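A.B. asks: One structure follows; several queries about it will come next.
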Amino acid sequence: MTAPTPHPSTEGRTPYPVGLLLAGRRVVVVGGGQVAQRRLPALIATGADLHLISPATTPAVQAMADAGELTWHARPYRDGDLADTWYALVATDDPAVNAAVSAEAERERVFCSRSDDAAAATAWTPASGRDAGATVAVLTGDPRHSAALRDAIVDGLRDGSLAARQYRSHGAGVALVGGGPGDPDLITVRGRRLLADADVVVADRLAPRELLAELPEHVEVIDASKIPYGRFMAQEAINRTLVEHAKAGKFVVRLKGGDPYVFGRGGEELLACVEAGLPVTVVPGISSSISVPAAAGVPVTHRGMTHEFTVISGHVGPDDERSLTNWEAAAKMSGTLVLLMAVDKIGAIAARLVEYGRPADTPVAVVQEGTTAAQRRVDATLGTVAAVVEAEGVKPPAVIVVGDVVNVLAAAFQP
């Protein structure tokens, strides 16, 4: 059932906006199709005593009933169903049923929303969205216009472009935010929202740089880059920076590439803040271990080909006494291996994997600067990858994928 075009008689009518507190109160929805499926989650969230009346439902609506989120009366509407009801929603494709429910609602003085005829309703359902505990509801009489306005407002709140964002509710503290693999659009909504609230941002080299350019002038940005083979800021100094600024009353965002807990030392930073008595928020990020291969046409798993994938840090080689990786076990697994921070060690790693049983002709994909404009993919095998990486001048950051999944989508990505 599609949303109707607003009835001409709704023009010029001015609805009175109000927020209904429906927790524990009887609410009746008549009709179990697509319209009800869209509207029910918001009603469930209110905590209402929700009753659905319909001979049949969509699978999604039935799942809500099976989960106990509403009571489904599997029968047609009957006069009297709105007794003791506070609010009703009519969403069937039968005009006679819709008119009958509206008539009962009018007699019982129950506010009633209709999906088929706004002019015959006593309540309109707004286009609504939520951000940081606030509900935005838009009523125009035109569902498409309402939805467009709703989206513009909610998007502005989430990305910090609306001035209301400056009235933030955060006190002093630290947020460990995963910025994703590099593309600024791949940070989470919550991560971007917290970044817009920051007084201080402590950023890694691999954090999305474009996001920093959007910050207001008053925000202090501290470079915490750990550039390979170059100058770096010791982890202890990063911890101390987070603690000192938060204790000075600032809201500090630690913006990291990927996910804070996937080889990002987020655990160490959290412990340092907790030991200092500071509140900490952790916002997961999209890890480069799965997103970069995906962006380059490599699924880390594929049905009938692999039942596991293993993510390994290659920042120390197999011969290094500091290595904690069981390379023999990794070689003997049949699934995908994803190597991070392994560009300069790939020769030794590949040789060790072959030594322990991985075939030398196992496909390998090396993806440099994944998800960014500079992304490039270089293909090889375990037997050739060291030479190919050197010949192609591959530099960090790069994600290396080992396994048959490297070629599974090759045909689909051919020009």
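Identifiers in the structure tokens: chain A, B, ... in order shown; residue index from 1 per chain; ligand index from 1 in order shown.
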Which residues come within 9 Å of Arg114 of chain A, counting only C-alpha atoms, excluding same-chain residues fewer than 5 positions away, as a PyMOL selection string?
C.D. replies: chain A and resi 88-92+98+102+119-125
A.B. asks: Neighbours of Asp223 of chain A within 9 Å (only C-alpha atoms; same-chain residues fewer than 3 positions away dropped), as a list of chain:residue names?
C.D. replies: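 Once the nearby chain positions are removed, what remains is A:Val201, A:Val202, A:Ala203, A:Asp204, A:Arg205, A:Met233.
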A.B. asks: Give the answer as one residue: which of A:Arg377, A:Val401, A:Ala386, A:Gly285 has the shortest atom-to-atom distance to Phe309 of chain A, using only C-alpha atoms?
C.D. replies: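 Using only C-alpha atoms, the shortest distance to Phe309 of chain A belongs to A:Val401.
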A.B. asks: Among segment 21-85 of chain A, which residues carry a DSSP assignment of strand (DSSP E), reported as a ChimeraX atom specification?
C.D. replies: /A:26-30,49-53,71-73
A.B. asks: Can you pull out every residue within 8 Å of Val200 of chain A, counting only C-alpha atoms, but drop anything in the same chain fewer than 4 positions away, and send it as a list in words?
C.D. replies: Val219, Glu220, Val221, Ile222, His245, Lys250, Phe251, Val252 and Val253 of chain A
A.B. asks: What separation in Å, quoted to one decimal, exists between atom CA of Ser54 of chain A and atom CA of Arg25 of chain A?
C.D. replies: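 Spanning atom CA of Ser54 of chain A to atom CA of Arg25 of chain A is a straight-line distance of 19.9 Å.
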A.B. asks: Between A:Ala196, A:Cys112, A:Ala373, A:Val189, single out the one closest to Glu214 of chain A, counting only C-alpha atoms.
C.D. replies: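 Closest residue, counting only C-alpha atoms: A:Ala196.
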A.B. asks: Just want the 12 Å neighbourhood of segment 234-237 of chain A, counted on only C-alpha atoms, with same-chain residues fewer than 5 positions away dropped. Output as a count of residues only.
C.D. replies: 20
A.B. asks: With only C-alpha atoms as the counted atoms, please give the residues lying no more than 12 Å from segment 31-36 of chain A, apart from itself and same-chain residues fewer than 6 positions off, as a PyMOL selection string.
C.D. replies: chain A and resi 1-4+42-44+51-65+70-77+88-95+97-98+101+113-116+125
A.B. asks: Tell me which of A:Gly393, A:Gly191, A:Pro126, A:Gly80 sits closest to Pro15 of chain A, counting only C-alpha atoms.
C.D. replies: A:Pro126
A.B. asks: What is the distance, in Å and to one decimal place, between atom CA of Pro279 of chain A and atom CA of Tyr261 of chain A?
C.D. replies: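 About the pair atom CA of Pro279 of chain A and atom CA of Tyr261 of chain A: they are 17.6 Å apart.
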A.B. asks: Could you list, with a cut-off of 6 Å and counting only C-alpha atoms, the residues of segment 334-383 of chain A near segment 402-408 of chain A, each shown with its nearest atom pair and the distance in Å rounded to one decimal, rows sorted by chain and ascending number, as a tab-separated table?
C.D. replies:
residue	atom	partner	partner_atom	distance
A:Thr336	CA	A:Gly403	CA	5.0
A:Leu337	CA	A:Val402	CA	5.0
A:Thr362	CA	A:Gly403	CA	5.9
A:Pro363	CA	A:Gly403	CA	5.5
A:Val364	CA	A:Val402	CA	4.6
A.B. asks: Mind checking which residues fall within 10 Å of Ile312 of chain A, counting only C-alpha atoms, ignoring those fewer than 3 positions away in the same chain, and posting them as a PyMOL selection string?
C.D. replies: chain A and resi 262-263+289+309+315+324-327+330+337-342+400
A.B. asks: Go ahead and dump the residues you just picked, N, CA, C and O atoms, as a CSV table (one decimal), in the first residue's frame.
C.D. replies:
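What follows is the written file result_31.csv:
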chain,number,residue,atom,x,y,z
A,262,VAL,N,40.9,-2.3,17.2
A,262,VAL,CA,41.6,-3.2,16.3
A,262,VAL,C,43.0,-2.6,16.0
A,262,VAL,O,43.1,-1.8,15.1
A,263,PHE,N,43.9,-3.1,16.7
A,263,PHE,CA,45.3,-2.6,16.6
A,263,PHE,C,45.4,-1.1,16.7
A,263,PHE,O,46.3,-0.5,16.1
A,289,SER,N,40.2,-3.7,8.1
A,289,SER,CA,40.4,-5.1,7.8
A,289,SER,C,39.3,-5.7,7.0
A,289,SER,O,39.5,-6.7,6.2
A,309,PHE,N,37.8,-15.8,8.7
A,309,PHE,CA,38.9,-14.9,8.3
A,309,PHE,C,39.6,-14.5,9.6
A,309,PHE,O,39.0,-14.3,10.6
A,315,HIS,N,53.2,-5.8,12.1
A,315,HIS,CA,54.1,-4.8,12.4
A,315,HIS,C,55.5,-5.4,12.9
A,315,HIS,O,56.5,-4.7,12.9
A,324,LEU,N,53.7,-12.4,18.5
A,324,LEU,CA,52.7,-13.2,19.3
A,324,LEU,C,51.9,-14.1,18.4
A,324,LEU,O,50.9,-14.7,18.9
A,325,THR,N,52.1,-14.1,17.1
A,325,THR,CA,51.3,-14.8,16.1
A,325,THR,C,51.8,-16.2,15.9
A,325,THR,O,53.0,-16.4,15.8
A,326,ASN,N,50.9,-17.1,16.0
A,326,ASN,CA,51.2,-18.5,15.6
A,326,ASN,C,51.1,-18.7,14.1
A,326,ASN,O,50.0,-19.0,13.6
A,327,TRP,N,52.2,-18.4,13.4
A,327,TRP,CA,52.2,-18.4,12.0
A,327,TRP,C,51.9,-19.8,11.4
A,327,TRP,O,51.3,-20.0,10.3
A,330,ALA,N,48.2,-20.2,11.5
A,330,ALA,CA,47.6,-19.4,10.4
A,330,ALA,C,47.8,-20.0,9.1
A,330,ALA,O,46.9,-19.9,8.2
A,337,LEU,N,43.3,-14.7,5.3
A,337,LEU,CA,44.2,-14.0,6.2
A,337,LEU,C,44.2,-12.5,5.7
A,337,LEU,O,44.4,-12.2,4.6
A,338,VAL,N,43.9,-11.6,6.7
A,338,VAL,CA,44.0,-10.2,6.4
A,338,VAL,C,45.2,-9.6,7.3
A,338,VAL,O,45.2,-9.8,8.5
A,339,LEU,N,46.1,-9.1,6.6
A,339,LEU,CA,47.3,-8.6,7.2
A,339,LEU,C,47.3,-7.1,7.2
A,339,LEU,O,47.2,-6.4,6.2
A,340,LEU,N,47.5,-6.5,8.4
A,340,LEU,CA,47.5,-5.0,8.6
A,340,LEU,C,49.0,-4.7,9.0
A,340,LEU,O,49.7,-5.4,9.7
A,341,MET,N,49.4,-3.5,8.6
A,341,MET,CA,50.7,-3.0,8.9
A,341,MET,C,51.8,-4.0,8.5
A,341,MET,O,52.8,-4.2,9.3
A,342,ALA,N,51.7,-4.6,7.4
A,342,ALA,CA,52.6,-5.7,7.0
A,342,ALA,C,53.4,-5.4,5.7
A,342,ALA,O,54.1,-6.3,5.2
A,400,ILE,N,46.6,-6.2,3.2
A,400,ILE,CA,47.0,-7.3,2.4
A,400,ILE,C,46.0,-8.5,2.7
A,400,ILE,O,45.9,-8.9,3.8
A.B. asks: Please identify all polymer residues within 9 Å of Gly370 of chain A, counting only C-alpha atoms, omitting same-chain residues fewer than 4 positions from it, and present them as a VMD selection string.
C.D. replies: chain A and resid 181 to 183 288 291 to 293 295 to 296 374 to 377 397 to 399
A.B. asks: Could you write out, as a ChimeraX atom specification, all the residues of segment 44-233 of chain A that DSSP marks as helix (DSSP H, G or I)?
C.D. replies: /A:44-45,59-66,95-108,118-120,143-159,163-166,184-186,189-196,209-213
